[in-house]
Amino acid sequence: MFILIGTDSQGKYLQKYVEQYDLFPAILSTHVEIYPGKTISEICYNLINKIKVLPVEEDSNIVVMIAGGICNLTTKTNIPSGGYILNYDFKTRSEKVENLQTELKKTVIEFQDYNVILKFATIPPVSLFKKNERFSAFSSSFSQAQINDEQKNLEEDVMNVNSFISSIN
């Protein structure tokens, strides 16, 4: 059995964990691909290209796990001093959630041609304040009320998408 995990930067420590704790070395091989800043469809595209060149036998079981989605819901704004601010524009909330759900459905269809077991990890919560605290531009550009509103709306939308993910897994 071969397990292929695709993740955005939220899973950056997963590869080290998998290598350190080779949980089932006798029965499966695990490979982690990290795609920082990528959406679900971009992770899907990269994993399909990876599957095409995997050194596995045709009758091997391949499990594909995708952990991502926060990049579909948030945007990065470059700041002059370098780096970026991660923010959530709640004016387009329903559109972002619907688009992400559509990407998840399309991903299921894309992987049907490759005879794999496909699973999605739920999206972990992200603290906009913690992600951006290193940039003084963040706290000076947004009021605490704005930050709190963005955070609350992002958490609600992550919970909605996670419910959808649970229904398609």
# chains A, B, ... in the order shown; residues from 1 in each chain; ligands from 1
call {"tool": "select_by_dssp", "arguments": {"residues": "segment 8-167 of chain A", "states": "strand (DSSP E or B)", "output": "list in words"}}
result
Ser29, Thr30, His31, Val32, Glu33, Ile34, Ile62, Val63, Val64, Met65, Ile66, Ala67, Thr75, Lys76, Thr77, Asn78, Tyr84, Ile85, Leu86, Asn87, Ile117, Leu118, Lys119 and Phe120 of chain A
call {"tool": "residues_around", "arguments": {"residues": "Ile168 of chain A", "least_positions_apart": "5", "cutoff": "12 Å", "atoms": "only C-alpha atoms", "output": "PyMOL selection string"}}
result
chain A and resi 101-102+104-109+118-122+161-163
call {"tool": "write_last_selection", "arguments": {"atoms": "N, CA and C atoms", "output": "compact mmCIF listing (two decimals), in the first residue's frame"}}
result
# COMPACT_ATOMS: atom_id res chain seq x y z
N GLN A 101 -16.13 24.22 -2.04
CA GLN A 101 -16.91 22.98 -2.12
C GLN A 101 -16.93 22.44 -3.55
N THR A 102 -17.01 23.33 -4.51
CA THR A 102 -16.97 22.91 -5.92
C THR A 102 -15.61 22.30 -6.25
N LEU A 104 -13.61 20.78 -4.20
CA LEU A 104 -13.55 19.47 -3.55
C LEU A 104 -14.30 18.42 -4.38
N LYS A 105 -15.47 18.78 -4.88
CA LYS A 105 -16.25 17.85 -5.73
C LYS A 105 -15.47 17.51 -7.01
N LYS A 106 -14.87 18.54 -7.64
CA LYS A 106 -14.10 18.31 -8.87
C LYS A 106 -12.89 17.42 -8.59
N THR A 107 -12.29 17.58 -7.43
CA THR A 107 -11.13 16.77 -7.06
C THR A 107 -11.52 15.30 -6.97
N VAL A 108 -12.67 15.03 -6.39
CA VAL A 108 -13.17 13.65 -6.30
C VAL A 108 -13.30 13.07 -7.71
N ILE A 109 -13.86 13.83 -8.63
CA ILE A 109 -14.03 13.37 -10.01
C ILE A 109 -12.68 13.17 -10.69
N LEU A 118 -9.44 8.19 -2.02
CA LEU A 118 -9.21 9.62 -1.78
C LEU A 118 -9.89 10.05 -0.50
N LYS A 119 -9.14 10.73 0.35
CA LYS A 119 -9.68 11.28 1.59
C LYS A 119 -9.19 12.71 1.76
N PHE A 120 -10.03 13.53 2.35
CA PHE A 120 -9.68 14.91 2.66
C PHE A 120 -9.56 15.07 4.16
N ALA A 121 -8.54 15.76 4.59
CA ALA A 121 -8.44 16.15 6.00
C ALA A 121 -9.29 17.40 6.18
N THR A 122 -9.86 17.52 7.36
CA THR A 122 -10.60 18.76 7.63
C THR A 122 -9.59 19.90 7.78
N VAL A 161 -17.21 24.23 5.82
CA VAL A 161 -16.48 23.43 4.83
C VAL A 161 -16.11 22.07 5.44
N ASN A 162 -15.72 22.05 6.70
CA ASN A 162 -15.37 20.78 7.35
C ASN A 162 -16.56 19.84 7.41
N SER A 163 -17.75 20.37 7.61
CA SER A 163 -18.96 19.53 7.58
C SER A 163 -19.14 18.93 6.19
call {"tool": "closest_residue", "arguments": {"among": "A:Glu19, A:Glu155, A:Asp8, A:Glu150", "to": "Tyr88 of chain A", "atoms": "only C-alpha atoms"}}
result
A:Glu150
call {"tool": "closest_residue", "arguments": {"among": "A:Gly83, A:Ile123, A:Tyr45, A:Leu100", "to": "Met159 of chain A", "atoms": "only C-alpha atoms"}}
result
A:Ile123
call {"tool": "closest_residue", "arguments": {"among": "A:Phe2, A:Tyr17, A:Phe164, A:Phe129", "to": "Met65 of chain A", "atoms": "only C-alpha atoms"}}
result
A:Phe2
call {"tool": "atom_distance", "arguments": {"atom1": "atom CA of Thr30 of chain A", "atom2": "atom CA of Leu73 of chain A"}}
result
28.1 Å
call {"tool": "decode", "arguments": {"residues": "segment 53-165 of chain A", "atoms": "C-alpha atoms", "output": "short mmCIF file (atom, residue, chain, number, x, y, z; two decimals), in the first residue's frame"}}
result
data_model
loop_
_atom_site.label_atom_id
_atom_site.label_comp_id
_atom_site.auth_asym_id
_atom_site.auth_seq_id
_atom_site.Cartn_x
_atom_site.Cartn_y
_atom_site.Cartn_z
CA VAL A 53 5.18 8.56 -12.04
CA LEU A 54 4.83 6.57 -8.81
CA PRO A 55 6.95 3.42 -8.71
CA VAL A 56 4.04 1.19 -7.68
CA GLU A 57 2.49 -1.87 -9.26
CA GLU A 58 -0.83 -1.47 -11.05
CA ASP A 59 -2.73 -3.54 -8.51
CA SER A 60 -1.27 -1.66 -5.54
CA ASN A 61 -3.59 0.20 -3.25
CA ILE A 62 -2.92 3.92 -3.30
CA VAL A 63 -4.43 6.16 -0.67
CA VAL A 64 -4.37 9.88 -1.40
CA MET A 65 -4.95 12.29 1.47
CA ILE A 66 -5.38 15.98 0.78
CA ALA A 67 -4.97 18.50 3.57
CA GLY A 68 -5.63 22.03 2.45
CA GLY A 69 -8.31 24.60 1.89
CA ILE A 70 -7.25 27.55 3.99
CA CYS A 71 -5.61 29.06 0.89
CA ASN A 72 -9.00 28.89 -0.83
CA LEU A 73 -10.61 30.93 1.94
CA THR A 74 -7.93 33.53 2.67
CA THR A 75 -5.83 35.96 0.67
CA LYS A 76 -2.29 37.17 1.09
CA THR A 77 -1.54 40.86 0.74
CA ASN A 78 2.11 41.75 0.20
CA ILE A 79 3.40 44.51 2.42
CA PRO A 80 6.18 46.97 1.52
CA SER A 81 8.46 45.90 4.39
CA GLY A 82 8.47 42.33 3.05
CA GLY A 83 6.27 39.34 3.70
CA TYR A 84 2.52 39.33 3.58
CA ILE A 85 -0.61 39.75 5.64
CA LEU A 86 -3.07 36.85 5.65
CA ASN A 87 -6.60 38.15 5.63
CA TYR A 88 -10.16 37.05 5.12
CA ASP A 89 -12.51 39.18 3.08
CA PHE A 90 -15.87 38.28 4.50
CA LYS A 91 -17.65 40.27 1.78
CA THR A 92 -17.19 37.25 -0.50
CA ARG A 93 -17.84 34.60 2.17
CA SER A 94 -20.53 32.52 0.49
CA GLU A 95 -18.71 32.67 -2.85
CA LYS A 96 -15.46 31.40 -1.31
CA VAL A 97 -17.18 28.57 0.53
CA GLU A 98 -19.15 27.54 -2.57
CA ASN A 99 -16.01 27.69 -4.74
CA LEU A 100 -14.10 25.53 -2.27
CA GLN A 101 -16.91 22.98 -2.12
CA THR A 102 -16.97 22.91 -5.92
CA GLU A 103 -13.18 22.34 -5.99
CA LEU A 104 -13.55 19.47 -3.55
CA LYS A 105 -16.25 17.85 -5.73
CA LYS A 106 -14.10 18.31 -8.87
CA THR A 107 -11.13 16.77 -7.06
CA VAL A 108 -13.17 13.65 -6.30
CA ILE A 109 -14.03 13.37 -10.01
CA GLU A 110 -10.41 14.01 -11.11
CA PHE A 111 -9.09 11.16 -8.97
CA GLN A 112 -11.69 8.62 -10.16
CA ASP A 113 -9.55 7.91 -13.23
CA TYR A 114 -6.61 6.83 -11.07
CA ASN A 115 -8.22 4.08 -8.98
CA VAL A 116 -7.14 5.55 -5.64
CA ILE A 117 -8.79 5.87 -2.27
CA LEU A 118 -9.21 9.62 -1.78
CA LYS A 119 -9.68 11.28 1.59
CA PHE A 120 -9.68 14.91 2.66
CA ALA A 121 -8.44 16.15 6.00
CA THR A 122 -10.60 18.76 7.63
CA ILE A 123 -9.22 22.29 7.65
CA PRO A 124 -7.53 23.21 10.92
CA PRO A 125 -8.44 26.54 12.48
CA VAL A 126 -6.08 29.40 11.73
CA SER A 127 -5.55 32.45 13.89
CA LEU A 128 -5.28 35.50 11.66
CA PHE A 129 -3.78 37.46 14.53
CA LYS A 130 -1.07 34.87 15.25
CA LYS A 131 -0.28 34.44 11.56
CA ASN A 132 0.14 38.18 11.16
CA GLU A 133 1.47 39.35 14.51
CA ARG A 134 5.02 39.61 13.20
CA PHE A 135 3.92 42.42 10.93
CA SER A 136 3.15 45.71 12.63
CA ALA A 137 1.33 46.72 9.44
CA PHE A 138 -1.37 44.19 10.29
CA SER A 139 -2.23 45.64 13.67
CA SER A 140 -1.95 49.21 12.39
CA SER A 141 -4.02 48.55 9.25
CA PHE A 142 -6.96 46.84 10.93
CA SER A 143 -8.86 47.60 14.11
CA GLN A 144 -9.19 44.86 16.71
CA ALA A 145 -12.92 44.74 15.89
CA GLN A 146 -12.14 44.10 12.20
CA ILE A 147 -9.65 41.38 13.09
CA ASN A 148 -12.16 39.75 15.45
CA ASP A 149 -14.91 39.88 12.80
CA GLU A 150 -12.63 38.35 10.16
CA GLN A 151 -11.56 35.63 12.60
CA LYS A 152 -15.13 34.78 13.62
CA ASN A 153 -16.32 34.59 10.01
CA LEU A 154 -13.32 32.52 8.96
CA GLU A 155 -13.93 30.05 11.79
CA GLU A 156 -17.61 29.72 10.84
CA ASP A 157 -16.74 29.10 7.21
CA VAL A 158 -14.04 26.56 8.10
CA MET A 159 -16.63 24.69 10.18
CA ASN A 160 -19.09 24.73 7.26
CA VAL A 161 -16.48 23.43 4.83
CA ASN A 162 -15.37 20.78 7.35
CA SER A 163 -18.96 19.53 7.58
CA PHE A 164 -18.99 19.28 3.80
CA ILE A 165 -15.65 17.42 3.82
#
